Structure formats: C-alpha cells, structure tokens
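Novice: Supplied in structure tokens, the structure appears directly below.
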2 protein chains.
Amino acid sequence: MSTAVMTSVNLHAMGAAAQAAGRRLAVLNTEQKNAALQQIAAELEAQSATVIAANVQDIQEGRAKGLSDALLDRLLLTDARMAALAADTRKVAELPDPVGAEMEGKMLPNGLRISKRRIPIGVLGVIYEARPNVTIDIATLALKTGNAAILRGGSETLRSNIALVQVIHAALDKAGLPAAAVQYIDDPDRGLVSELLKLDEYVDMIIPRGGAGLHRLCKEQATMPVITGGIGICHLYVDVSADQARALDVIENAKVQRPSVCNALDTVLVNRAVAPEFVPRLARRMAENRVEMRATPDVLALLGETDYGTPISVAGPEDFDTEWMSLILGVKLVDTLDEAVDHIQAHSLNHSDGILTNDLANAMRFVNAVNSSAVFVNASTRFNDGGQFGLGAEVAVSTQKLHARGPMGLEELTTYKWVAIGNFHIRQ
Amino acid sequence: MSTAVMTSVNLHAMGAAAQAAGRRLAVLNTEQKNAALQQIAAELEAQSATVIAANVQDIQEGRAKGLSDALLDRLLLTDARMAALAADTRKVAELPDPVGAEMEGKMLPNGLRISKRRIPIGVLGVIYEARPNVTIDIATLALKTGNAAILRGGSETLRSNIALVQVIHAALDKAGLPAAAVQYIDDPDRGLVSELLKLDEYVDMIIPRGGAGLHRLCKEQATMPVITGGIGICHLYVDVSADQARALDVIENAKVQRPSVCNALDTVLVNRAVAPEFVPRLARRMAENRVEMRATPDVLALLGETDYGTPISVAGPEDFDTEWMSLILGVKLVDTLDEAVDHIQAHSLNHSDGILTNDLANAMRFVNAVNSSAVFVNASTRFNDGGQFGLGAEVAVSTQKLHARGPMGLEELTTYKWVAIGNFHIRQ
C-alpha cells in the first residue's frame, strides 16, 4: 500500500502503531489521561523557545513566498500564543471525560443485563490547514477521549507542527504513554493524503478541517467515515410578524460580528408583505456596517434611487450559493414562509438557518421543516458553536447527517459498545 | 451523472424525487405515518396473489439457473409468508416513533434555549441480496422514521421486488403520500450500484445488506456514509475460573443454534491452565452436535488418539480469519487473558465477542479491552440482535464505529438537529 507513494513516510506502519497506541489509550482512566495532558502543558511552556524558533523559519519562508500579512498572522506563534496553548491544554484536562459513561442500561426479560458504554473511536485522521494551534487542539482532545491521532497539517507550518509534535512526544514519554498516540505526517507529498484516506484498516474516522475542496476530496476518496462540515451558507428569514428593530440587531450580529466564519450570515430572506418597510431599514443598517448587498431586483426596486452609502447590486446567478466570508449579504424577497423554506432547502449547506418571527405557528412550521444542523428562532446564527452551546471544546462543526451534527465536542469523539452480562445465558 | 450508464433508470431524477419525498415525510406526524403503514399491510393482503404470481416467475427462473433448493426457499413467497409480511408491517406501525424526541435540552446562561431534536436522516440507499421480504422490512422501517428509501435488491427476485414496490406505491397513493418515498432500481445493471454510491447530493446513508464484497465495494466507492456490518468472526474466551459445564452450554448455543448467521460463534479461545480438562469435554460436546473442529496443534495434542466422532484437524493459516457460517469451530489455546484479547483484536471483525469466567477482575479487564459492537460476559454471542436487545426491529447489525454499533433499530435511522429558541439573542 505504502509503496504507491515515493516517500519516507510509511503510512501502513503509522496506522498499525496508531491502532496499537489507541488500544492502550482506550483502557486508561481519566486521571492517567489528564496527567499526560498536564505534561503536554508543562512541555509547551518548557519548550516554547524551541517551537517559536521553528515557527520563525516557517514565517520567514511564508513571507518569502508572498503569503499575506493576515495569513502570516494566523501562522505566527508568539510567547503569548504558546502560553495560551498550554492554558488551553490544562482546560482540556479539566473537562469531564465522556469515556466509560453508560448511555443506557436495562435488564432484558430473560435477566441478561445490557448497557451501551461510551468508548473511544480508536484512531482519528485529521487533515487541516495552516494554523499550528490545531495540532495541539486536536491532539489534546483526542488524548482526552482515549483516541490516537494521525495528523496532517498545512505545509506552511510544517516546521512548527513538527516541533509541536515533538513537544507532545516528550510529554507522552514522561507520562509513560506511546509516542504513536499522536503521529504527524511530516512529508508534504499530497499523495499521502489520498493514501491516508484509504487506510480504513487502521483509521476509524477522518476529520477534514479546511475548505470545500478538501471536504470533497475526503468524501470521494475516503473508505472510512468522514466528518464533513465547517462550511455554511446561512439564512435568516424575516417573517411578517418579526419585531423589525430587533430583527435588524440579530441580522447585524449574524453578519458583522465575525464575517469570516462558517456560522456567519450569508442571505436574508424577507417576506414581501413587510419588505417595503423592512428593506430600506435593512439597507441603512447594512450601510452603517459597510456591508455590501446583493439582492433580487424587487429589493432594488424598493430601494429606488436613494444612496444608502454602500454598494447594492443585483444578485448574480451564483450569489445565493456563495459562502461570503466577508461583509456581503444576499437579500431576497419571498411571498411565504414555505417559499423561504424552499429557498433554504435548495441553497443551505445545512449549517445554521433561522427565522425571525413572533408567530408561534410559523416558528414551529419553520423549525419542523428546516433540518439544518442548527435551526434558530429569534437568535443569531453565530451561536452555532461548541463554546456557545456549552460543549467545552469544539473539534469541528458537522453539517453531515450521521454520527454528529453541529458543534462536535468531546462526546462526539466517542462511540459506544454494547456490554451484556449474563449468567451463562443461552438464546432460545 | 446518469448518462454514464446505459439504462432507462435515471438515478439523478430518482435521488431528487426521493429528497423531495423525504422532506414531506419528515414533517408527518406519527399517526399519518402509521396510517400509511396500515395501508401497506392491507395492500399486501389484497394483492397477495399478484405478488406470488411474480414470485413464481422468479422461482422458475432461479430453478432453471440451477439455484440451490436452500436459496430458492429463501426467495419463495407463499400465502403464509405474505400474511407474515402484512403482520410485520402492522407491528412496525405499533412501534414507538423516535422522530421528534428531544434528546437533551438546556437553557444557556444567556437565556437561549437549545435542544437536540431527533429527525429523519433523509434518504436511505439500501442494497441487499436475495430475500424479497427485505423490500418490505426496509420500506416500512424507513417510512416509520420519516425517511425516503431507494432500494436495490438482488436480481434473483427482481419481479417479486417490483411487485412488492407496486404494492407499496398503491398504499402510499391511498395514504396521500408521494410514490417517490420508496423507489426501486429495477434495472439489474451493476453500474447503477456504483452510480448510486456517488449520489451524495441526495442520498444521506447507504446500508449494504450482503457479503463482504458488497460492503467493501460500498466503503471504497461511496461518497456518503456507509453502515457496514452484518459480518462477524465471533469469539468466546474460556477463562480459568469459568464454570465448565455451563460454558459448554453457552458455546454450544453460540455455535449450533443458528450457525449461518453473523452472531454465531467462530472461535473458542481456551486458557491453557484449564485446557487439559476442558478441551476433551469441548470435543465431546461438539461431536454430539456434529461440529467439526479446526484447532491449534496443542489442542490436538491434548485430544490424543481418541476418536471423538467428528473431524478434528489442525487449523490452517486462514482458519482464524474465517466466518464459518456452518458447523465448524476454531479452537486455540492461550496462556493469558491478555493473549486472548490480543487474538480477538487481531482476528475479530468487531461484531460479538465474549468471556466465560467467574473472575470479576478478569471480566472487567476483558470488557474494558475488547471494543466489539457487543461484548458478552457469560452469555451467548447469539444475543447480539435487535429483537433480543429489545429494539423492536432490526435494520442491520453495524460493526463500524460511527453513528451506530451493534443492532440498529428505529432510532438508528434518525439523526438530530439543534433547535435554538431565543428572544432576539445576539452573540457578544
């Protein structure tokens, strides 16, 4: 298998080692796992200068390659950021451990006692882009839940990631745990990603953290389950009964508070009955926030010749299928709630969609019909987030249907087994 | 997409119709879904003769092709079997509906109320082998859970399956539901299976019900999640402290009660300390049941020259990786519980594995270390079954890690969405 790729990396061997390590991690108790996490935090502090030195090289190379200042800032590790990574690791140690919980238990009529017990998934394959802090995030969340991890980060921070994994290995060694619990694919050969995606003999789940292309690649090539998500075309529907002033506050928050993330608002759907009043108010509010609007012609007709101080143009054919990631908002009029639902079902990526209304029947109808990972009534789409939902950690935001939807915390890095305890029970 | 296959079947159109139908099913209440199920039961009775006439043709063709009598019996539909299908359908109507349940709910510190609500998965793709009753099983379980289904059955019962789907369509029509809720790929072209496996735009989950080759094909080709399972190499480990007489009862039950199914026993591991006493007793008990043994040489040494009345031979290199599906049992001695666990981890397919012991510490150690879909202590592996576990129905037995493990009932045909209800909440 590994011979298909010309590289020093032997993924087959890495997979086997990860599986063996995962089996050791699976039987650790919470104290043992937390001790390893505390070691990682301590090593992050002790080896901070070494990691930063590696990061300096990545940054220099990135600058030479002409990476943007914004991207370089995302790649940068500083004393403060290293300290934050150590602090985050200690926070993971403090989180409750989901492994071992009995999810349900019952006694069958024949006296056989059965229960569903939470266990680690086994080996996680994580493919991510530039930011080096993901290396520590994922490694610590995997360890906490008794999973081994095979990591593949972006080439822009290869040296930083290798240095961080060395930190983890030093800590695992001190904690008496196998280094193979966290392994890093340190060869930038892209063929290795394809090879990793076929390693279902050892790797139980793939988590891609990156753009649509990476997710598509994983879905098409992976022979094991893939958690897709992290990409959203998010909608808010302004119903006839919505409190317009407060609806504008929610829309502003969803669009403006952090426009570059997946739960930021992309499209506002406005019921035609309230559009003559609402649309000009929306245009003014968006202009105040320097949000450009891409709207259906009937929206522009309502706005007339007035200069609202921000570009407002007719939406192109792709605009309602675009995740803006910036200060642009799609606006469309709909005749009915059902038309809003139809638009959302056709254009949403099942991330975060909501209704702004004071009509209970409409709220229920919307919530029943829209099956996005999170459906909001009178709240900002920005709440679809592990931290906001109180999960304590966020591995990813899943928009697919199986295993986990919406923000994935520690529980979503576990699966379960049935445990059946009998008294030499035989089946009749 | 569909142009790649020369066929009258347009899978793209089928997928779009299934998705639209699934959205209608998703908002039905339980009474509406049950009414449709009762219609199906009534139509199965009313159209029994028509279905049987189609089945007669399938059986005649199968006989002409030289199918075995055992297989032909599996394909056969009789008055009694049609009546049983109607009765089974009424039982599905009586099962509790998992859709709509709130799995958990809480109020966030900011007053935003969030909950996880159970919803249908959407569109299920089910690929199965010969038995025509699966058509009704899957269609009714999908309908009950508000899912649309695209079915692809074995070519041996094509006419029977088409007749059964016509029954379902007549019932759906009477219930006022779209025929596209249950669609059947009625062209035996194998290319259509590959095409179905790429239809992730519409199909949310693939359930293969068949042999290892079909499961492998689905894992390799599918771009959506696949529920693999239904194949097991099942182990029982006889610990030093096991009650030997009762252990033999469990082993006999696990091996003999229904040897052709996936939760039947394949390999017995015996602790060397009790082997001199236990192995001859095992050989006698297996001989009484005409079970052939394939054993490690040390087992044969213990049995000596005695004729136990059944073939006992040295296990070949593949024997401990074979799902026997017949009256054959692998037997191996191990020095320790850990060696038993190692063997199971190396050879099990994560279906059903167990320990026979009276040692509490060993039982706990085994249960912690073995992460098969069901782990048994002093009970037959034959209990890993939806009916036995009280799930009311069984869609499949999953041996993969994500979404569902072990017997899948109605709940496992659902997913969830987060519902967040606020008072114009904005994120700080």
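Here's how to read the names in the structure tokens: chain A, B, ... by the order shown, residue numbers from 1 in each chain, ligand numbers from 1 in the order shown.
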Go through chain B and flag each residue having an atom no more than 6 Å from chain A; for those, report the closest pair of atoms plus their distance in Å to one decimal, using only C-alpha atoms, ordered by chain and rising number, as CSV.

Specialist:
```
residue,atom,partner,partner_atom,distance
B:Lys219,CA,A:Thr223,CA,4.8
B:Glu220,CA,A:Thr223,CA,5.0
B:Thr223,CA,A:Lys219,CA,4.8
B:Pro225,CA,A:Pro225,CA,6.0
B:Val250,CA,A:Ile426,CA,5.7
B:Asn253,CA,A:Ile426,CA,5.9
B:Ser373,CA,A:Lys417,CA,4.9
B:Ala374,CA,A:Trp418,CA,4.4
B:Val375,CA,A:Val419,CA,5.0
B:Phe376,CA,A:Ala420,CA,4.8
B:Val377,CA,A:Ile421,CA,4.7
B:Asn378,CA,A:Phe424,CA,4.4
B:Ala379,CA,A:His425,CA,4.5
B:Ser380,CA,A:Ile426,CA,5.3
B:Leu402,CA,A:His403,CA,5.6
B:His403,CA,A:His403,CA,3.8
B:Lys417,CA,A:Ser373,CA,4.9
B:Trp418,CA,A:Ala374,CA,4.4
B:Val419,CA,A:Val375,CA,5.0
B:Ala420,CA,A:Phe376,CA,4.8
B:Ile421,CA,A:Val377,CA,4.7
B:Gly422,CA,A:Asn378,CA,5.1
B:Asn423,CA,A:Asn378,CA,5.5
B:Phe424,CA,A:Asn378,CA,4.4
B:His425,CA,A:Ala379,CA,4.5
B:Ile426,CA,A:Ser380,CA,5.3
```

Novice: Which residues come within 8 Å of range 69-84 of chain B, counting only C-alpha atoms, excluding same-chain residues fewer than 5 positions away, as a short mmCIF file (atom, residue, chain, number, x, y, z; two decimals) with N, CA and C atoms, in the first residue's frame?

Specialist:
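Output saved as result_29.cif:
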```
data_model
loop_
_atom_site.label_atom_id
_atom_site.label_comp_id
_atom_site.auth_asym_id
_atom_site.auth_seq_id
_atom_site.Cartn_x
_atom_site.Cartn_y
_atom_site.Cartn_z
N LEU B 44 -50.83 -5.49 1.01
CA LEU B 44 -50.10 -6.76 0.93
C LEU B 44 -51.08 -7.92 0.95
N GLU B 45 -52.12 -7.78 1.75
CA GLU B 45 -53.13 -8.84 1.78
C GLU B 45 -53.96 -8.84 0.50
N SER B 48 -51.87 -10.04 -2.56
CA SER B 48 -51.01 -11.19 -2.29
C SER B 48 -50.85 -12.09 -3.52
N ALA B 49 -51.95 -12.37 -4.20
CA ALA B 49 -51.89 -13.29 -5.35
C ALA B 49 -51.02 -12.71 -6.46
N ILE B 52 -47.38 -13.10 -5.47
CA ILE B 52 -46.96 -14.50 -5.54
C ILE B 52 -46.80 -14.94 -7.00
N ASN B 55 -43.53 -13.82 -8.02
CA ASN B 55 -42.52 -14.64 -7.35
C ASN B 55 -42.39 -16.01 -8.01
N VAL B 56 -43.50 -16.57 -8.48
CA VAL B 56 -43.45 -17.86 -9.17
C VAL B 56 -42.50 -17.77 -10.37
N ILE B 59 -38.95 -17.74 -9.14
CA ILE B 59 -38.55 -19.07 -8.66
C ILE B 59 -38.28 -19.99 -9.85
N GLY B 62 -35.05 -19.03 -11.33
CA GLY B 62 -33.97 -19.45 -10.42
C GLY B 62 -33.70 -20.94 -10.53
N ARG B 63 -34.79 -21.72 -10.62
CA ARG B 63 -34.62 -23.17 -10.74
C ARG B 63 -33.91 -23.50 -12.05
N ALA B 130 -30.72 -11.50 -1.92
CA ALA B 130 -31.87 -12.19 -2.48
C ALA B 130 -33.23 -11.98 -1.82
N ARG B 131 -33.37 -12.08 -0.51
CA ARG B 131 -34.71 -12.25 0.07
C ARG B 131 -35.66 -11.08 -0.19
N PRO B 132 -36.82 -11.34 -0.77
CA PRO B 132 -37.73 -10.24 -1.12
C PRO B 132 -38.37 -9.57 0.11
N GLU B 156 -32.20 -12.02 -8.50
CA GLU B 156 -32.97 -13.27 -8.45
C GLU B 156 -34.44 -13.02 -8.13
N THR B 157 -34.73 -11.90 -7.45
CA THR B 157 -36.12 -11.64 -7.07
C THR B 157 -36.60 -10.32 -7.64
#
```

Novice: Between B:Ser68, B:Ser241, B:Thr140, B:Gln19, which is the closest to Glu394 in chain B once you count only C-alpha atoms?

Specialist: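 Of B:Ser68, B:Ser241, B:Thr140, B:Gln19, the one nearest Glu394 in chain B is B:Thr140, counting only C-alpha atoms.
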
Novice: Would you list, as a PyMOL selection string, the residues of range 127-354 of chain B that end up in alpha helix (DSSP H) under DSSP run on this structure's backbone?

Specialist: chain B and resi 133-144+158-174+191-196+212-221+244-256+275-288+297-303+337-347

Novice: Name the closest residue to Leu197 in chain A among the candidates A:Arg159, A:Arg152, A:His169, A:His347; distances are taken between atoms, counting only C-alpha atoms.

Specialist: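 Ranked by minimum distance to Leu197 in chain A, first place goes to A:Arg152.
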
Novice: Grab the CA of Asp353 in chain A to CA of Ile138 in chain A distance for me, in Å with one decimal place.

Specialist: 27.5 Å

Novice: Quick one: residues within 8 Å of Leu11 in chain B, only C-alpha atoms counted, chain neighbours fewer than 4 positions away excluded, as JSON, numbers by chain?

Specialist: {"B": [2, 15, 192, 195, 196]}

Novice: Please measure the separation of CA of Met103 in chain A and CA of Ala148 in chain A, giving the value in Å to one decimal.

Specialist: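 Atom-to-atom, CA of Met103 in chain A to CA of Ala148 in chain A, that is 22.6 Å.
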
Novice: To one decimal in Å, tell me the separation between CA of Lys33 in chain B and CA of Gln47 in chain B.

Specialist: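 One can read the CA of Lys33 in chain B to CA of Gln47 in chain B distance as 20.9 Å.
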